[in-house]
Structures are given as C-alpha cells and as structure tokens.
file data-v3.cif (mmCIF, C-alpha atoms and all ligand atoms)
data_run
loop_
_atom_site.label_atom_id
_atom_site.label_comp_id
_atom_site.auth_asym_id
_atom_site.auth_seq_id
_atom_site.Cartn_x
_atom_site.Cartn_y
_atom_site.Cartn_z
CA MET A 1467 47.63 288.34 -30.37
CA GLY A 1468 44.36 289.83 -31.60
CA LYS A 1469 42.35 288.18 -34.35
CA LEU A 1470 42.92 291.10 -36.77
CA GLU A 1471 46.67 291.03 -36.13
CA GLU A 1472 46.70 287.36 -36.92
CA ILE A 1473 44.80 287.90 -40.19
CA TRP A 1474 47.19 290.66 -41.29
CA MET A 1475 50.18 288.55 -40.38
CA ILE A 1476 48.91 285.61 -42.43
CA LEU A 1477 48.04 287.89 -45.36
CA SER A 1478 51.42 289.62 -45.47
CA VAL A 1479 53.39 286.38 -45.18
CA SER A 1480 51.20 284.83 -47.89
CA VAL A 1481 51.90 287.75 -50.24
CA LEU A 1482 55.65 287.33 -49.69
CA VAL A 1483 55.46 283.59 -50.32
CA ILE A 1484 53.40 284.11 -53.50
CA PHE A 1485 55.92 286.66 -54.83
CA ILE A 1486 58.86 284.37 -54.08
CA VAL A 1487 57.12 281.46 -55.84
CA ILE A 1488 56.33 283.61 -58.92
CA VAL A 1489 59.85 285.06 -59.17
CA GLY A 1490 61.37 281.64 -58.56
CA TYR A 1491 59.21 280.08 -61.28
CA GLN A 1492 60.10 282.82 -63.77
CA THR A 1493 63.81 282.57 -62.99
CA PHE A 1494 64.32 278.81 -62.86
CA ALA A 1495 61.51 277.40 -65.01
CA LEU A 1496 61.18 280.15 -67.63
CA GLY A 1497 64.82 281.28 -67.63
CA MET A 1498 63.91 284.93 -67.13
CA GLY A 1499 66.68 285.67 -64.63
CA PRO A 1500 68.81 288.77 -65.09
CA PRO A 1501 72.21 288.33 -66.77
CA SER A 1502 74.69 286.85 -64.35
CA HIS A 1503 78.43 287.23 -63.95
CA LYS A 1504 78.94 283.95 -65.74
CA GLU A 1505 80.23 285.43 -68.93
CA ALA A 1506 83.03 287.63 -67.77
CA ILE A 1507 86.29 288.33 -69.54
CA ASP A 1508 89.59 289.98 -68.66
CA PRO A 1509 89.19 293.44 -70.22
CA GLN A 1510 92.98 293.74 -70.60
CA LYS A 1511 93.16 290.64 -72.79
CA VAL A 1512 90.21 290.97 -75.16
CA ASP A 1513 92.41 290.56 -78.25
CA GLN A 1514 93.83 287.29 -76.91
CA THR A 1515 90.53 285.84 -75.67
CA ALA A 1516 88.26 283.74 -77.90
CA PRO A 1517 85.99 284.55 -79.63
CA PHE A 1518 87.11 288.19 -79.54
CA ASP A 1519 90.57 287.36 -80.88
CA ASN A 1520 88.81 286.93 -84.22
CA PRO A 1521 85.86 289.33 -84.48
CA GLY A 1522 83.55 288.92 -87.43
CA LEU A 1523 80.34 287.57 -88.84
CA ILE A 1524 79.93 283.80 -88.53
CA ASP A 1525 77.39 282.05 -90.76
CA LEU A 1526 75.58 279.43 -88.68
CA GLY A 1527 73.33 278.32 -91.57
CA ASN A 1528 69.54 278.63 -91.86
CA ASN A 1529 69.82 282.40 -92.10
CA LYS A 1530 71.36 282.59 -88.63
CA TYR A 1531 74.52 284.46 -87.86
CA GLU A 1532 76.70 285.17 -84.91
CA LEU A 1533 78.33 288.56 -84.94
CA VAL A 1534 81.38 288.66 -82.68
CA MET A 1535 82.07 292.33 -82.14
CA THR A 1536 84.37 294.44 -80.01
CA LEU A 1537 83.64 298.02 -79.09
CA GLU A 1538 86.33 300.54 -78.35
CA ALA A 1539 86.75 304.29 -78.44
CA PHE A 1540 85.42 305.07 -81.01
CA ALA A 1541 84.63 302.16 -83.27
CA PHE A 1542 82.70 298.96 -83.75
CA ASN A 1543 84.83 296.08 -85.00
CA PRO A 1544 83.79 294.78 -87.46
CA GLY A 1545 81.81 297.63 -88.97
CA ASN A 1546 79.78 298.01 -92.18
CA ILE A 1547 78.27 294.55 -92.13
CA GLU A 1548 76.09 293.11 -94.88
CA ILE A 1549 73.51 290.41 -94.24
CA PRO A 1550 70.59 288.97 -96.21
CA VAL A 1551 66.98 289.88 -95.42
CA GLY A 1552 65.45 287.76 -92.67
CA SER A 1553 68.75 287.08 -90.92
CA GLU A 1554 68.71 286.33 -87.23
CA VAL A 1555 71.87 287.76 -85.76
CA GLU A 1556 73.19 286.94 -82.31
CA PHE A 1557 75.44 289.78 -81.27
CA THR A 1558 78.26 288.72 -78.95
CA MET A 1559 80.02 291.83 -77.76
CA THR A 1560 82.48 293.20 -75.29
CA SER A 1561 84.29 296.46 -74.74
CA LYS A 1562 88.05 296.90 -74.93
CA ASP A 1563 88.20 300.07 -72.87
CA VAL A 1564 85.29 302.00 -71.33
CA SER A 1565 81.53 301.58 -71.14
CA HIS A 1566 79.85 301.80 -74.53
CA GLY A 1567 76.31 301.22 -75.74
CA ILE A 1568 74.83 299.75 -78.87
CA GLN A 1569 71.55 300.86 -80.33
CA ILE A 1570 69.94 300.27 -83.70
CA PRO A 1571 67.10 302.77 -84.14
CA GLY A 1572 63.94 301.17 -85.51
CA THR A 1573 64.67 297.86 -83.76
CA ASN A 1574 64.53 296.67 -80.16
CA LEU A 1575 68.30 296.33 -80.02
CA ASN A 1576 69.60 298.58 -77.27
CA ALA A 1577 72.19 297.45 -74.75
CA MET A 1578 75.17 298.55 -72.73
CA VAL A 1579 78.53 296.96 -73.50
CA LEU A 1580 80.87 297.04 -70.53
CA PRO A 1581 84.53 296.13 -70.23
CA GLY A 1582 84.92 292.74 -68.55
CA HIS A 1583 81.48 291.51 -69.57
CA ILE A 1584 80.15 289.63 -72.56
CA GLN A 1585 76.91 291.06 -73.85
CA LYS A 1586 74.66 288.87 -75.98
CA ILE A 1587 71.55 290.03 -77.75
CA THR A 1588 69.66 288.62 -80.71
CA GLN A 1589 67.95 290.60 -83.44
CA THR A 1590 66.16 289.51 -86.61
CA PHE A 1591 66.31 291.82 -89.62
CA ASN A 1592 63.18 291.29 -91.71
CA GLU A 1593 63.17 294.63 -93.55
CA PRO A 1594 65.81 295.45 -96.16
CA GLY A 1595 67.64 298.71 -95.71
CA GLU A 1596 70.60 300.42 -94.16
CA TYR A 1597 70.51 300.26 -90.39
CA LEU A 1598 72.43 302.76 -88.32
CA VAL A 1599 74.34 301.21 -85.42
CA LEU A 1600 75.34 303.74 -82.82
CA CYS A 1601 76.91 304.07 -79.42
CA ASN A 1602 74.43 305.53 -76.95
CA GLU A 1603 76.68 305.69 -73.89
CA TYR A 1604 78.95 308.71 -73.57
CA CYS A 1605 82.44 307.24 -73.94
CA GLY A 1606 84.74 310.18 -74.58
CA ALA A 1607 85.56 313.02 -76.96
CA GLY A 1608 84.76 310.98 -80.07
CA HIS A 1609 81.50 309.50 -78.79
CA GLN A 1610 79.36 311.18 -81.45
CA ALA A 1611 81.56 309.65 -84.18
CA MET A 1612 81.09 306.12 -82.89
CA PHE A 1613 78.69 304.50 -85.31
CA THR A 1614 78.58 302.03 -88.18
CA THR A 1615 75.96 300.43 -90.39
CA ILE A 1616 74.35 297.09 -91.06
CA ILE A 1617 73.10 296.71 -94.61
CA VAL A 1618 70.25 294.24 -95.02
CA LYS A 1619 69.51 293.19 -98.60
CU1 LIG B 1701 81.18 304.45 -77.46
CU2 LIG B 1701 79.90 306.42 -76.96
#
call {"tool": "encode", "arguments": {"input": "data-v3.cif", "output": "structure tokens", "more": "lines below"}}
Ligand code: CUA
result
Amino acid sequence: MGKLEEIWMILSVSVLVIFIVIVGYQTFALGMGPPSHKEAIDPQKVDQTAPFDNPGLIDLGNNKYELVMTLEAFAFNPGNIEIPVGSEVEFTMTSKDVSHGIQIPGTNLNAMVLPGHIQKITQTFNEPGEYLVLCNEYCGAGHQAMFTTIIVK
C-alpha cells in the first residue's frame, strides 16, 4: 500500500470513529436520542388505556401541568383549556384514528401525533393571551375545522 493511501485510510477511519463517539456521547450521555418505540399504545383501545381513558389537565403543582390529550377527526380532547401565566405544560398526546398534527403559532410547539404512538412535548406559556391550537397534518374533510384554544391568564 502506498504512503498516501495509508494516510487517507487512517484519516477516513478516524473521521468515522470521531462521528460515532460524538453521536454516542450525545445519545447516551446527553439523552439527545430520537424518540423510540418505547411509548407505543394500541390505537384501537385508546379510550381504555391509561392515561388516555381520562383525558384532561392535571395540576402537578409549582405551576406545572400535564395535559393528557387525544386527537381525533376533527377535535382535540380536551379543548378550550385555561391555565395561569407562566405554566409549564407537558402535553401527552395520542391519536384515536389517523395522523394528526399539533401546532401553536407563536410558540415552538409543533409535532405530529400518530395513532399507536404517545407524543410528549413540553411548552411554557409566559405571555398571557389566547393561543390557537391547530392541526397541521391533513387528516380528512374536516381538517380545517380541527382547532381549539389555550387561554393563558
Ligand atoms: Cu387533524 Cu388535520
């Protein structure tokens, strides 16, 4: 093997090893791995499966809430939620039928909600106001009517 070949071989293997180490560190040490299949659910039995058998806003204290929410054509359940300013809300969501999305314009909250999967996303609401919550994934004839609000006051 020529000297140059050897150098290139060492360089390219080193780059691979460095990338694997960085990705491994981010995934295992910093917990930045992509969502896994861990939190799956039988999409036929959402109404019978905790916590989705009892959707609603749960007060965890210290201005923290968990919002257990189901999405279905063409509604968010529960809808029209009211929370105090500064609330940190962990959304725990699943779909009862087809693929939906949830987006709250003016915030970073934007996610797909798929049948058979539990979607979790946390958002803090520091500004009072009425927030529009909408479905941003085409889900059928009533897609454009699938929205609700979160009132922060
Ligand atoms: Cu649900 Cu579009």
call {"tool": "closest_residue", "arguments": {"input": "data-v3.cif", "among": "A:Thr1515, A:Ser1565, A:Asn1543, A:Gln1510", "to": "Val1599 in chain A", "atoms": "all atoms listed in the file"}}
result
A:Asn1543
call {"tool": "residues_near_ligand", "arguments": {"input": "data-v3.cif", "ligand": "ligand LIG 1701 (chain B)", "cutoff": "6 Å", "atoms": "all atoms listed in the file", "output": "list of chain:residue names"}}
result
A:Ala1539, A:Phe1540, A:His1566, A:Cys1601, A:Asn1602, A:Glu1603, A:Tyr1604, A:Cys1605, A:His1609, A:Met1612
call {"tool": "atom_distance", "arguments": {"input": "data-v3.cif", "atom1": "CA of Ile1507 in chain A", "atom2": "CA of Asp1519 in chain A"}}
result
12.2 Å
call {"tool": "closest_residue", "arguments": {"input": "data-v3.cif", "among": "A:Gly1608, A:Gly1497, A:Gly1595, A:Pro1509", "to": "Gly1552 in chain A", "atoms": "all atoms listed in the file"}}
result
A:Gly1595
call {"tool": "atom_distance", "arguments": {"input": "data-v3.cif", "atom1": "CA of Ile1524 in chain A", "atom2": "CA of Ala1611 in chain A"}}
result
26.3 Å
call {"tool": "closest_residue", "arguments": {"input": "data-v3.cif", "among": "A:Asn1546, A:Asn1520, A:Gln1492, A:Thr1558", "to": "Leu1600 in chain A", "atoms": "all atoms listed in the file"}}
result
A:Asn1546
call {"tool": "residues_around", "arguments": {"input": "data-v3.cif", "residues": "Thr1536 in chain A", "least_positions_apart": "5", "cutoff": "8 Å", "atoms": "all atoms listed in the file", "output": "ChimeraX atom specification"}}
result
/A:1518,1521,1542-1544,1559-1562
call {"tool": "atom_distance", "arguments": {"input": "data-v3.cif", "atom1": "CA of Lys1530 in chain A", "atom2": "CA of Asp1508 in chain A"}}
result
28.0 Å
call {"tool": "closest_residue", "arguments": {"input": "data-v3.cif", "among": "A:Ile1549, A:Thr1573, A:Lys1586, A:Lys1619", "to": "Leu1523 in chain A", "atoms": "only C-alpha atoms"}}
result
A:Ile1549
call {"tool": "closest_residue", "arguments": {"input": "data-v3.cif", "among": "A:Leu1496, A:Val1534, A:Ile1568, A:Val1618", "to": "Asn1592 in chain A", "atoms": "all atoms listed in the file"}}
result
A:Val1618
call {"tool": "residues_around", "arguments": {"input": "data-v3.cif", "residues": "Val1555 in chain A", "least_positions_apart": "2", "cutoff": "6 Å", "atoms": "only C-alpha atoms", "output": "PyMOL selection string"}}
result
chain A and resi 1530-1532+1588-1589
call {"tool": "write_last_selection", "arguments": {"input": "data-v3.cif", "atoms": "C-alpha atoms", "output": "PDB file, keeping the file's coordinate frame"}}
result
ATOM      1  CA  LYS A1530      71.360 282.590 -88.630  1.00  0.00           C
ATOM      2  CA  TYR A1531      74.520 284.460 -87.860  1.00  0.00           C
ATOM      3  CA  GLU A1532      76.700 285.170 -84.910  1.00  0.00           C
ATOM      4  CA  THR A1588      69.660 288.620 -80.710  1.00  0.00           C
ATOM      5  CA  GLN A1589      67.950 290.600 -83.440  1.00  0.00           C
TER       6      GLN A1589
END
call {"tool": "closest_residue", "arguments": {"input": "data-v3.cif", "among": "A:Phe1591, A:Trp1474, A:Phe1485, A:Tyr1491", "to": "Glu1548 in chain A", "atoms": "all atoms listed in the file"}}
result
A:Phe1591
call {"tool": "build_atoms", "arguments": {"input": "data-v3.cif", "residues": "range 1598-1609 of chain A", "atoms": "all heavy atoms", "output": "compact mmCIF listing (two decimals), in the frame of the given file"}}
result
# COMPACT_ATOMS: atom_id res chain seq x y z
N LEU A 1598 71.40 302.04 -89.05
CA LEU A 1598 72.43 302.76 -88.32
C LEU A 1598 72.68 302.05 -87.00
O LEU A 1598 71.75 301.67 -86.30
CB LEU A 1598 71.96 304.19 -88.07
CG LEU A 1598 72.89 305.12 -87.32
CD1 LEU A 1598 74.15 305.39 -88.14
CD2 LEU A 1598 72.18 306.42 -86.98
N VAL A 1599 73.95 301.83 -86.69
CA VAL A 1599 74.34 301.21 -85.42
C VAL A 1599 75.11 302.27 -84.66
O VAL A 1599 76.14 302.75 -85.15
CB VAL A 1599 75.25 299.99 -85.66
CG1 VAL A 1599 75.68 299.36 -84.34
CG2 VAL A 1599 74.56 298.97 -86.55
N LEU A 1600 74.63 302.66 -83.50
CA LEU A 1600 75.34 303.74 -82.82
C LEU A 1600 75.60 303.43 -81.36
O LEU A 1600 74.96 302.57 -80.76
CB LEU A 1600 74.59 305.06 -82.98
CG LEU A 1600 73.11 305.10 -82.67
CD1 LEU A 1600 72.88 305.39 -81.22
CD2 LEU A 1600 72.46 306.17 -83.52
N CYS A 1601 76.57 304.16 -80.84
CA CYS A 1601 76.91 304.07 -79.42
C CYS A 1601 76.05 305.08 -78.69
O CYS A 1601 76.01 306.25 -79.06
CB CYS A 1601 78.39 304.37 -79.20
SG CYS A 1601 78.86 304.39 -77.45
N ASN A 1602 75.33 304.62 -77.66
CA ASN A 1602 74.43 305.53 -76.95
C ASN A 1602 74.87 305.75 -75.50
O ASN A 1602 74.07 306.09 -74.66
CB ASN A 1602 73.00 305.03 -77.02
CG ASN A 1602 72.82 303.68 -76.37
OD1 ASN A 1602 73.77 303.14 -75.81
ND2 ASN A 1602 71.62 303.14 -76.43
N GLU A 1603 76.16 305.50 -75.25
CA GLU A 1603 76.68 305.69 -73.89
C GLU A 1603 77.88 306.62 -74.04
O GLU A 1603 78.82 306.28 -74.79
CB GLU A 1603 77.10 304.33 -73.35
CG GLU A 1603 77.38 304.28 -71.88
CD GLU A 1603 76.13 304.41 -71.04
OE1 GLU A 1603 75.06 303.94 -71.45
OE2 GLU A 1603 76.23 305.03 -69.97
N TYR A 1604 77.85 307.76 -73.36
CA TYR A 1604 78.95 308.71 -73.57
C TYR A 1604 80.28 308.05 -73.20
O TYR A 1604 80.46 307.58 -72.08
CB TYR A 1604 78.75 309.98 -72.74
CG TYR A 1604 79.85 310.96 -73.01
CD1 TYR A 1604 79.91 311.65 -74.21
CD2 TYR A 1604 80.89 311.14 -72.10
CE1 TYR A 1604 80.95 312.51 -74.50
CE2 TYR A 1604 81.94 312.00 -72.38
CZ TYR A 1604 81.96 312.68 -73.58
OH TYR A 1604 82.99 313.52 -73.87
N CYS A 1605 81.22 308.01 -74.16
CA CYS A 1605 82.44 307.24 -73.94
C CYS A 1605 83.70 308.05 -74.18
O CYS A 1605 84.80 307.50 -74.19
CB CYS A 1605 82.43 305.98 -74.80
SG CYS A 1605 82.10 306.28 -76.54
N GLY A 1606 83.55 309.36 -74.40
CA GLY A 1606 84.74 310.18 -74.58
C GLY A 1606 84.54 311.20 -75.68
O GLY A 1606 83.45 311.35 -76.21
N ALA A 1607 85.64 311.87 -76.04
CA ALA A 1607 85.56 313.02 -76.96
C ALA A 1607 85.03 312.63 -78.33
O ALA A 1607 84.46 313.47 -79.03
CB ALA A 1607 86.93 313.66 -77.10
N GLY A 1608 85.21 311.39 -78.74
CA GLY A 1608 84.76 310.98 -80.07
C GLY A 1608 83.45 310.22 -80.07
O GLY A 1608 83.09 309.59 -81.06
N HIS A 1609 82.73 310.28 -78.94
CA HIS A 1609 81.50 309.50 -78.79
C HIS A 1609 80.54 309.68 -79.96
O HIS A 1609 79.99 308.70 -80.48
CB HIS A 1609 80.83 309.88 -77.48
CG HIS A 1609 79.41 309.47 -77.37
ND1 HIS A 1609 79.04 308.15 -77.27
CD2 HIS A 1609 78.25 310.18 -77.37
CE1 HIS A 1609 77.71 308.08 -77.19
NE2 HIS A 1609 77.22 309.29 -77.26
